[in-house]
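Notes for the one structure printed next.
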Amino acid sequence: MNCCIDEICNKTVINIENGCKVGYVYDVEADMCSGQISALLVAGNEKGLMLRRPECFRISWCDIAVIGEETILVKNIPLQENNHKSGKSIFGLFSK
């Protein structure tokens, strides 16, 4: 599958281990020697807000499980306090 960087940016990132929204892809990190993307830089703020550079964290390319049309599913992400405060887990949709 081939895609452009602008197609990856602003996609929603979901942690497949707990179903929580991690944030949005803000930027990518590339290995200049191999020409391959090595990581995604994910920001927790709303997509499209580029007034200032947001606080980002790095997700290694090997931790990406699936890249879909609107979302990216990732694994092995350390639990973050702000992800649990929002309560936006996709698993909550299916529970009683």
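Residues are referred to by chain and number: the chain letter is A, B, ... according to the order shown in the structure tokens, the number counts from 1 in that chain, and ligands are numbered separately from 1 in the order shown.
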Selection: 7 Å around range 14-17 of chain A, only C-alpha atoms, excl. self and same-chain fewer than 4 positions, as a PyMOL selection string: chain A and resi 21-22+72-75+77
Skipping near chain neighbours, those fewer than 3 positions away, what residues fall within 6 Å of Gly23 in chain A using only C-alpha atoms, listed as a list in words? Thr12, Val13, Ala43 and Gly44 of chain A
Write a file of the just-selected residues containing N, CA, C and O atoms, as a compact mmCIF listing (two decimals), in the first residue's frame.
# COMPACT_ATOMS: atom_id res chain seq x y z
N THR A 12 -6.99 9.87 12.95
CA THR A 12 -7.17 9.55 14.36
C THR A 12 -6.37 8.31 14.70
O THR A 12 -6.38 7.33 13.95
N VAL A 13 -5.67 8.34 15.83
CA VAL A 13 -4.88 7.21 16.29
C VAL A 13 -5.60 6.57 17.47
O VAL A 13 -5.94 7.26 18.44
N ALA A 43 -0.20 14.06 18.32
CA ALA A 43 -0.61 15.12 19.23
C ALA A 43 -1.98 14.78 19.77
O ALA A 43 -2.84 14.25 19.06
N GLY A 44 -2.20 15.07 21.03
CA GLY A 44 -3.47 14.76 21.66
C GLY A 44 -4.55 15.80 21.43
O GLY A 44 -5.71 15.57 21.71
Selection: 9 Å around Ser38 in chain A, only C-alpha atoms, excl. self and same-chain fewer than 4 positions, as a list in words: Val28, Glu29, Ala30, Asp31, Ile59, Ser60, Trp61 and Cys62 of chain A
